[in-house]
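Shown here: final-v1.cif, mmCIF, C-alpha atoms.
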data_start
#
loop_
_atom_site.label_atom_id
_atom_site.label_comp_id
_atom_site.auth_asym_id
_atom_site.auth_seq_id
_atom_site.Cartn_x
_atom_site.Cartn_y
_atom_site.Cartn_z
CA MET A 235 133.94 142.53 93.89
CA SER A 236 131.93 143.89 90.94
CA ARG A 237 128.38 142.61 91.05
CA ALA A 238 124.78 143.31 90.10
CA LEU A 239 121.87 142.21 92.30
CA PHE A 240 118.27 141.59 91.23
CA ILE A 241 115.12 141.15 93.36
CA SER A 242 111.40 141.26 92.59
CA ASP A 243 107.89 140.53 93.87
CA LEU A 244 108.42 141.27 97.55
CA HIS A 245 104.80 142.51 97.84
CA ILE A 246 105.48 144.46 101.05
CA ARG A 247 102.07 145.40 102.49
CA SER A 248 103.06 147.75 105.31
CA HIS A 249 106.02 148.87 107.40
CA LYS A 250 105.01 146.13 109.88
CA ASP A 251 105.21 143.39 107.25
CA PRO A 252 108.10 140.99 108.12
CA LYS A 253 109.21 141.27 104.49
CA CYS A 254 109.77 144.99 105.08
CA GLU A 255 112.25 144.21 107.85
CA LEU A 256 113.92 141.57 105.67
CA PHE A 257 114.21 144.09 102.84
CA ALA A 258 115.81 146.57 105.24
CA ARG A 259 118.34 143.92 106.26
CA PHE A 260 118.97 143.15 102.58
CA LEU A 261 119.68 146.84 101.92
CA GLU A 262 121.97 146.97 104.94
CA ARG A 263 123.91 144.04 103.49
CA CYS A 264 124.08 145.87 100.15
CA ALA A 265 125.54 148.90 101.96
CA ARG A 266 128.41 146.71 103.17
CA LEU A 267 128.95 144.90 99.86
CA ARG A 268 128.62 148.01 97.66
CA PRO A 269 127.38 146.29 94.46
CA GLU A 270 127.75 148.37 91.33
CA HIS A 271 124.10 147.81 90.41
CA LEU A 272 120.86 146.97 92.21
CA PHE A 273 117.74 146.11 90.22
CA LEU A 274 114.26 146.28 91.77
CA VAL A 275 112.31 144.28 89.21
CA GLY A 276 108.76 145.28 90.13
CA ASP A 277 106.10 144.65 92.79
CA ILE A 278 108.48 145.58 95.57
CA PHE A 279 105.47 146.97 97.40
CA ASP A 280 102.00 145.51 97.28
CA LEU A 281 100.85 149.06 96.60
CA TRP A 282 102.73 152.22 95.62
CA VAL A 283 101.28 155.08 93.56
CA ALA A 284 103.23 158.14 92.38
CA ASP A 285 104.75 160.29 95.14
CA ARG A 286 101.89 160.27 97.62
CA ASP A 287 102.83 161.19 101.19
CA TYR A 288 101.05 158.12 102.52
CA PHE A 289 103.56 155.75 100.89
CA VAL A 290 106.61 157.97 101.40
CA SER A 291 106.00 158.28 105.15
CA ALA A 292 105.01 154.61 105.57
CA TYR A 293 108.33 153.38 104.16
CA ASP A 294 110.69 156.10 105.37
CA GLU A 295 113.28 153.62 106.69
CA ILE A 296 113.45 151.76 103.36
CA ILE A 297 113.70 155.05 101.48
CA SER A 298 116.48 156.25 103.77
CA ARG A 299 118.50 153.10 103.18
CA ILE A 300 118.02 153.31 99.41
CA ARG A 301 119.02 156.98 99.41
CA ALA A 302 122.20 156.07 101.31
CA LEU A 303 123.03 153.40 98.72
CA ILE A 304 122.59 155.92 95.90
CA ASP A 305 124.79 158.43 97.73
CA SER A 306 127.47 155.73 98.09
CA GLY A 307 127.57 155.27 94.32
CA VAL A 308 125.30 152.25 93.76
CA ASP A 309 123.26 152.50 90.55
CA ILE A 310 119.67 151.49 91.36
CA TYR A 311 117.01 150.68 88.77
CA TYR A 312 113.30 150.27 89.52
CA PHE A 313 110.97 148.50 87.08
CA GLU A 314 107.25 149.21 87.44
CA GLY A 315 105.18 146.13 88.21
CA ASN A 316 101.44 145.71 88.43
CA HIS A 317 101.32 146.80 92.10
CA ASP A 318 103.83 149.68 92.06
CA LEU A 319 102.72 152.30 89.55
CA ASP A 320 103.70 155.75 88.30
CA LEU A 321 107.08 155.55 90.01
CA ARG A 322 108.83 158.43 88.27
CA PRO A 323 107.50 161.37 90.36
CA PHE A 324 109.13 160.05 93.53
CA TRP A 325 111.67 157.38 92.74
CA GLN A 326 113.27 159.03 89.71
CA GLU A 327 112.60 162.75 90.08
CA ARG A 328 113.12 162.98 93.84
CA LEU A 329 115.27 159.98 94.73
CA ARG A 330 117.32 159.79 91.49
CA LEU A 331 116.72 156.11 90.70
CA LYS A 332 116.31 155.09 87.08
CA VAL A 333 112.70 154.00 86.49
CA PHE A 334 111.53 151.76 83.64
CA GLU A 335 107.99 150.91 82.53
CA GLY A 336 109.00 148.02 80.25
CA PRO A 337 111.97 145.87 79.20
CA ALA A 338 115.43 147.43 79.09
CA TYR A 339 118.91 146.22 78.11
CA PHE A 340 122.12 146.72 80.05
CA ASP A 341 125.79 145.94 79.48
CA LEU A 342 126.73 144.39 82.81
CA LEU A 343 129.99 142.73 83.76
CA GLY A 344 130.69 141.60 80.19
CA ARG A 345 127.12 140.49 79.41
CA THR A 346 124.11 141.88 77.62
CA VAL A 347 121.26 141.63 80.13
CA ARG A 348 117.56 142.12 79.40
CA VAL A 349 115.52 143.06 82.48
CA GLU A 350 111.72 143.33 82.75
CA HIS A 351 109.01 142.82 85.34
CA GLY A 352 107.48 140.06 83.20
CA ASP A 353 103.84 141.16 83.17
CA GLN A 354 103.94 141.47 79.38
CA MET A 355 105.21 137.92 79.01
CA ASP A 356 101.93 136.41 77.82
CA PRO A 357 100.60 138.11 74.65
CA ASP A 358 97.40 136.06 74.88
CA ASP A 359 96.42 137.64 78.20
CA LYS A 360 94.48 140.46 76.54
CA GLY A 361 92.51 141.35 79.67
CA TYR A 362 95.58 142.05 81.75
CA LEU A 363 97.40 143.85 78.94
CA PHE A 364 94.41 146.18 78.53
CA LEU A 365 94.37 146.84 82.29
CA ARG A 366 98.11 147.51 82.22
CA TRP A 367 97.63 150.06 79.43
CA LEU A 368 94.66 151.68 81.19
CA LEU A 369 96.52 152.19 84.45
CA ARG A 370 99.24 154.09 82.59
CA THR A 371 96.99 156.50 80.70
CA PRO A 372 97.43 160.20 81.52
CA ALA A 373 93.91 160.37 82.97
CA LEU A 374 94.49 157.63 85.55
CA ARG A 375 97.99 158.87 86.33
CA GLY A 376 96.46 162.28 87.00
CA LEU A 377 93.91 160.78 89.37
CA GLY A 378 96.59 158.89 91.23
CA ARG A 379 98.66 162.04 91.66
CA ASN A 380 95.86 164.43 92.67
CA LEU A 381 93.18 162.58 94.62
CA PRO A 382 93.30 162.89 98.43
CA ASN A 383 95.61 160.39 100.11
CA ALA A 384 92.70 158.55 101.73
CA ALA A 385 90.99 158.10 98.36
CA VAL A 386 94.19 156.91 96.70
CA ARG A 387 94.75 154.42 99.51
CA TRP A 388 91.15 153.15 99.33
CA ILE A 389 91.12 152.79 95.54
CA GLY A 390 94.67 151.49 95.39
CA GLU A 391 94.16 148.79 98.00
CA ARG A 392 91.09 147.51 96.18
CA ALA A 393 92.86 147.66 92.81
CA SER A 394 95.81 145.84 94.35
CA ARG A 395 93.48 143.18 95.74
CA LEU A 396 91.78 142.76 92.36
CA SER A 397 95.16 142.47 90.65
CA ARG A 398 96.29 139.93 93.23
CA ASP A 399 93.08 137.92 92.85
CA TYR A 400 93.34 138.02 89.06
CA THR A 401 96.99 136.99 88.92
CA SER A 402 96.34 134.32 91.55
CA GLN A 403 93.79 132.76 89.20
CA VAL A 404 96.29 132.91 86.37
CA LYS A 405 99.01 131.42 88.55
CA VAL A 406 97.03 128.34 89.52
CA ILE A 407 98.11 126.82 86.23
CA SER A 408 100.83 124.25 86.69
CA GLU A 409 104.44 125.26 87.00
CA SER A 410 105.13 123.34 83.79
CA GLU A 411 102.67 125.59 81.95
CA VAL A 412 104.29 128.68 83.48
CA ARG A 413 107.69 127.47 82.32
CA ALA A 414 106.33 126.76 78.82
CA LYS A 415 105.14 130.38 78.63
CA PHE A 416 108.53 131.51 79.96
CA LEU A 417 110.36 129.52 77.27
CA ARG A 418 108.16 131.01 74.55
CA HIS A 419 108.86 134.47 75.90
CA ILE A 420 112.61 133.82 75.95
CA ASP A 421 112.51 132.86 72.26
CA SER A 422 110.34 135.86 71.37
CA ALA A 423 112.56 138.29 73.29
CA PHE A 424 115.76 136.79 71.84
CA ALA A 425 114.36 137.15 68.32
CA GLU A 426 113.65 140.81 69.06
CA LYS A 427 117.20 141.45 70.30
CA SER A 428 119.80 138.92 71.41
CA PHE A 429 121.10 138.85 74.98
CA ASP A 430 123.22 136.76 77.32
CA VAL A 431 120.96 136.94 80.37
CA LEU A 432 117.21 137.49 80.79
CA VAL A 433 115.85 138.51 84.21
CA CYS A 434 112.17 138.86 85.09
CA GLY A 435 109.60 138.17 87.80
CA HIS A 436 105.80 138.53 88.03
CA VAL A 437 104.68 134.90 87.70
CA HIS A 438 105.93 133.91 91.19
CA VAL A 439 107.69 130.78 89.90
CA ALA A 440 111.44 130.86 90.41
CA ASP A 441 113.47 129.54 87.49
CA ASP A 442 117.11 129.23 86.47
CA LEU A 443 117.63 128.05 82.89
CA THR A 444 120.70 127.54 80.71
CA LEU A 445 119.79 127.45 77.02
CA ASP A 446 121.43 127.39 73.62
CA ARG A 447 120.13 130.00 71.22
CA GLU A 448 121.79 130.32 67.83
CA GLY A 449 124.99 128.80 69.19
CA ARG A 450 125.03 131.21 72.10
CA THR A 451 124.68 130.20 75.75
CA VAL A 452 121.78 132.11 77.30
CA ARG A 453 120.87 132.24 80.97
CA ALA A 454 117.25 133.01 81.90
CA PHE A 455 116.05 133.73 85.43
CA ASN A 456 112.66 134.25 86.99
CA LEU A 457 113.15 135.72 90.45
CA GLY A 458 110.11 134.09 92.06
CA THR A 459 108.44 135.89 94.97
CA TRP A 460 109.31 136.73 98.56
CA LEU A 461 105.79 135.53 99.42
CA LYS A 462 107.17 131.99 99.01
CA GLU A 463 110.97 132.03 99.18
CA PRO A 464 112.95 135.30 99.17
CA LEU A 465 115.59 135.05 96.43
CA VAL A 466 118.22 137.34 94.94
CA LEU A 467 120.06 136.95 91.66
CA ASP A 468 123.75 137.64 92.26
CA LEU A 469 125.60 138.45 89.02
CA THR A 470 129.41 138.68 89.16
CA PRO A 471 132.06 138.76 86.41
CA THR A 472 132.38 134.97 86.58
CA SER A 473 128.98 133.63 87.71
CA GLU A 474 125.22 134.02 87.89
CA ALA A 475 123.48 132.53 90.91
CA LEU A 476 119.91 132.67 92.18
CA VAL A 477 120.36 132.33 95.94
CA PRO A 478 118.13 132.52 99.05
CA VAL A 479 118.21 135.94 100.67
CA ALA A 480 118.91 134.27 104.03
CA GLN A 481 122.13 132.87 102.54
CA PHE A 482 122.99 136.21 100.93
CA LEU A 483 122.70 137.93 104.30
CA THR A 484 125.21 135.58 105.95
CA ASP A 485 127.77 134.97 103.18
#

How does the structure come out when it is put into structure tokens?
Amino acid sequence: MSRALFISDLHIRSHKDPKCELFARFLERCARLRPEHLFLVGDIFDLWVADRDYFVSAYDEIISRIRALIDSGVDIYYFEGNHDLDLRPFWQERLRLKVFEGPAYFDLLGRTVRVEHGDQMDPDDKGYLFLRWLLRTPALRGLGRNLPNAAVRWIGERASRLSRDYTSQVKVISESEVRAKFLRHIDSAFAEKSFDVLVCGHVHVADDLTLDREGRTVRAFNLGTWLKEPLVLDLTPTSEALVPVAQFLTD
């Protein structure tokens, strides 16, 4: 069956992290199902920078499974989050995934789908938006690509911790406030360019909304986080469903 799958915010911390094993099982299931499209919607790893050997060797099993999916004809898209940065040198140039730094639109199974990590959702969060811009400047990209592995790991782990601490403070707001921001973002994004489905992550609050916008039925999904409940959005020609990964693995 034709399908597109979406996951985000796994925050895998090492090859010994149980979420790493779960992700490997998820990819094994994908190998059997052969979806047409697989979207990695940011923060798959709690830290990844460029094409450094440290990360490539640490996650060799995951990389091998993803490479096999690509070789089997699955189109895989990877959206940079705020923990996985400068993905193009490895994931696009060496592994042949399609990497995106911001929102992108796709024609999928009869729908126009907007996909983004979601870290640009709140225009009032000037501090984070400045940090996001800074981390993507040529100077910092150059540092990430050329410093010794040990230095990149040391700096990256502390930057990752700071990002996690900062976003944790932001995320202590109530889920109702998160959803209010999400609704405002849906309206802003739809005004920019209409779509049938919006998919994002980042805020760690899973959501599944059906809305009417200008007489058009719009579905909007936030993928939540595997730190709480691992979820996958399963898009087929006739349905959209946000389902637990445990269920996806056994269906």

For this file, the PyMOL selection byres ((chain A and resi 342) around 9) selects which residues, as a count of residues only?
13

Between atom CA of A:Val479 and atom CA of A:Ile304, what distance in Å does the model show, to one decimal?
21.0 Å

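Here the PyMOL selection byres ((chain A and resi 451-454) around 10) captures the residues A:Val347, A:Arg348, A:Phe416, A:Leu417, A:Ile420, A:Phe424, A:Ser428, A:Phe429, A:Asp430, A:Val431, A:Leu432, A:Val433, A:Cys434, A:Asp441, A:Asp442, A:Leu443, A:Thr444, A:Leu445, A:Asp446, A:Arg447, A:Glu448, A:Gly449, A:Arg450, A:Phe455, A:Asn456, A:Leu457, A:Glu474.
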
Could you tell me which residues the PyMOL selection byres ((chain A and resi 241) around 9) returns for this structure, as an MDAnalysis selection string?
chainID A and resid 239:240 242:244 272:276 278 435 457:460 464:467

Residues within 10 Å of A:Ala302, all atoms listed in the file, excluding chain neighbours under 5 positions, as a list in words:
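Once the adjacent positions are removed, what remains is Leu261, Glu262, Ala265, Ile296, Ile297, Gly307 and Val308 of chain A.
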
List the spatial neighbours of A:Glu255 as a PyMOL selection string - criterion: any atom at most 10 Å away, only C-alpha atoms, same-chain residues fewer than 5 positions off excluded.
chain A and resi 246+249-250+260-261+295-296

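Among the candidate residues A:Cys264, A:Ala284, A:Ala423, A:Ile310, the one lying nearest to A:Glu350 is A:Ala423, with distances computed using all atoms listed in the file.
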
Which distance in Å separates atom CA of A:Asp353 and atom CA of A:Gly336, to one decimal?
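Interatomic distance here is 9.1 Å.
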
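In this model, the gap between atom CA of A:Phe334 and atom CA of A:His436 comes to 15.1 Å.
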
Smallest atom-to-atom distance to A:Lys253: which of A:Phe279, A:Arg286, A:Leu303, A:Ser473, using all atoms listed in the file?
A:Phe279

For A:Gly352, the nearest of the candidates A:His245, A:Arg328, A:Arg259, A:Lys415, counting all atoms listed in the file:
A:Lys415

Give me the residues near A:Val283 as a ChimeraX atom specification, where near means some atom within 7 Å (using only C-alpha atoms) and where sequence neighbours in that chain fewer than 5 positions away do not count.
/A:318-321,378

Since we have the selection now, will you write its residues out, keeping C-alpha atoms, as a tab-separated table (two decimals), in the frame of the given file?
chain	number	residue	atom	x	y	z
A	318	ASP	CA	103.83	149.68	92.06
A	319	LEU	CA	102.72	152.30	89.55
A	320	ASP	CA	103.70	155.75	88.30
A	321	LEU	CA	107.08	155.55	90.01
A	378	GLY	CA	96.59	158.89	91.23

Counting only C-alpha atoms, figure out which residue out of A:Glu463, A:Asp294, A:Tyr311, A:Arg266 gets nearest to A:Gln326.
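Closest residue, counting only C-alpha atoms: A:Tyr311.
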
Determine the nearest neighbour of A:Leu461 from the options A:Leu483, A:Ala338, A:Val477, A:Val439, counting only C-alpha atoms.
A:Val439

Under the rule that all atoms listed in the file are counted, which of A:Gln354, A:Asp309, A:Val333, A:Asn316 is the nearest residue to A:His419?
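The shortest atom-to-atom distance to A:His419 comes from A:Gln354.
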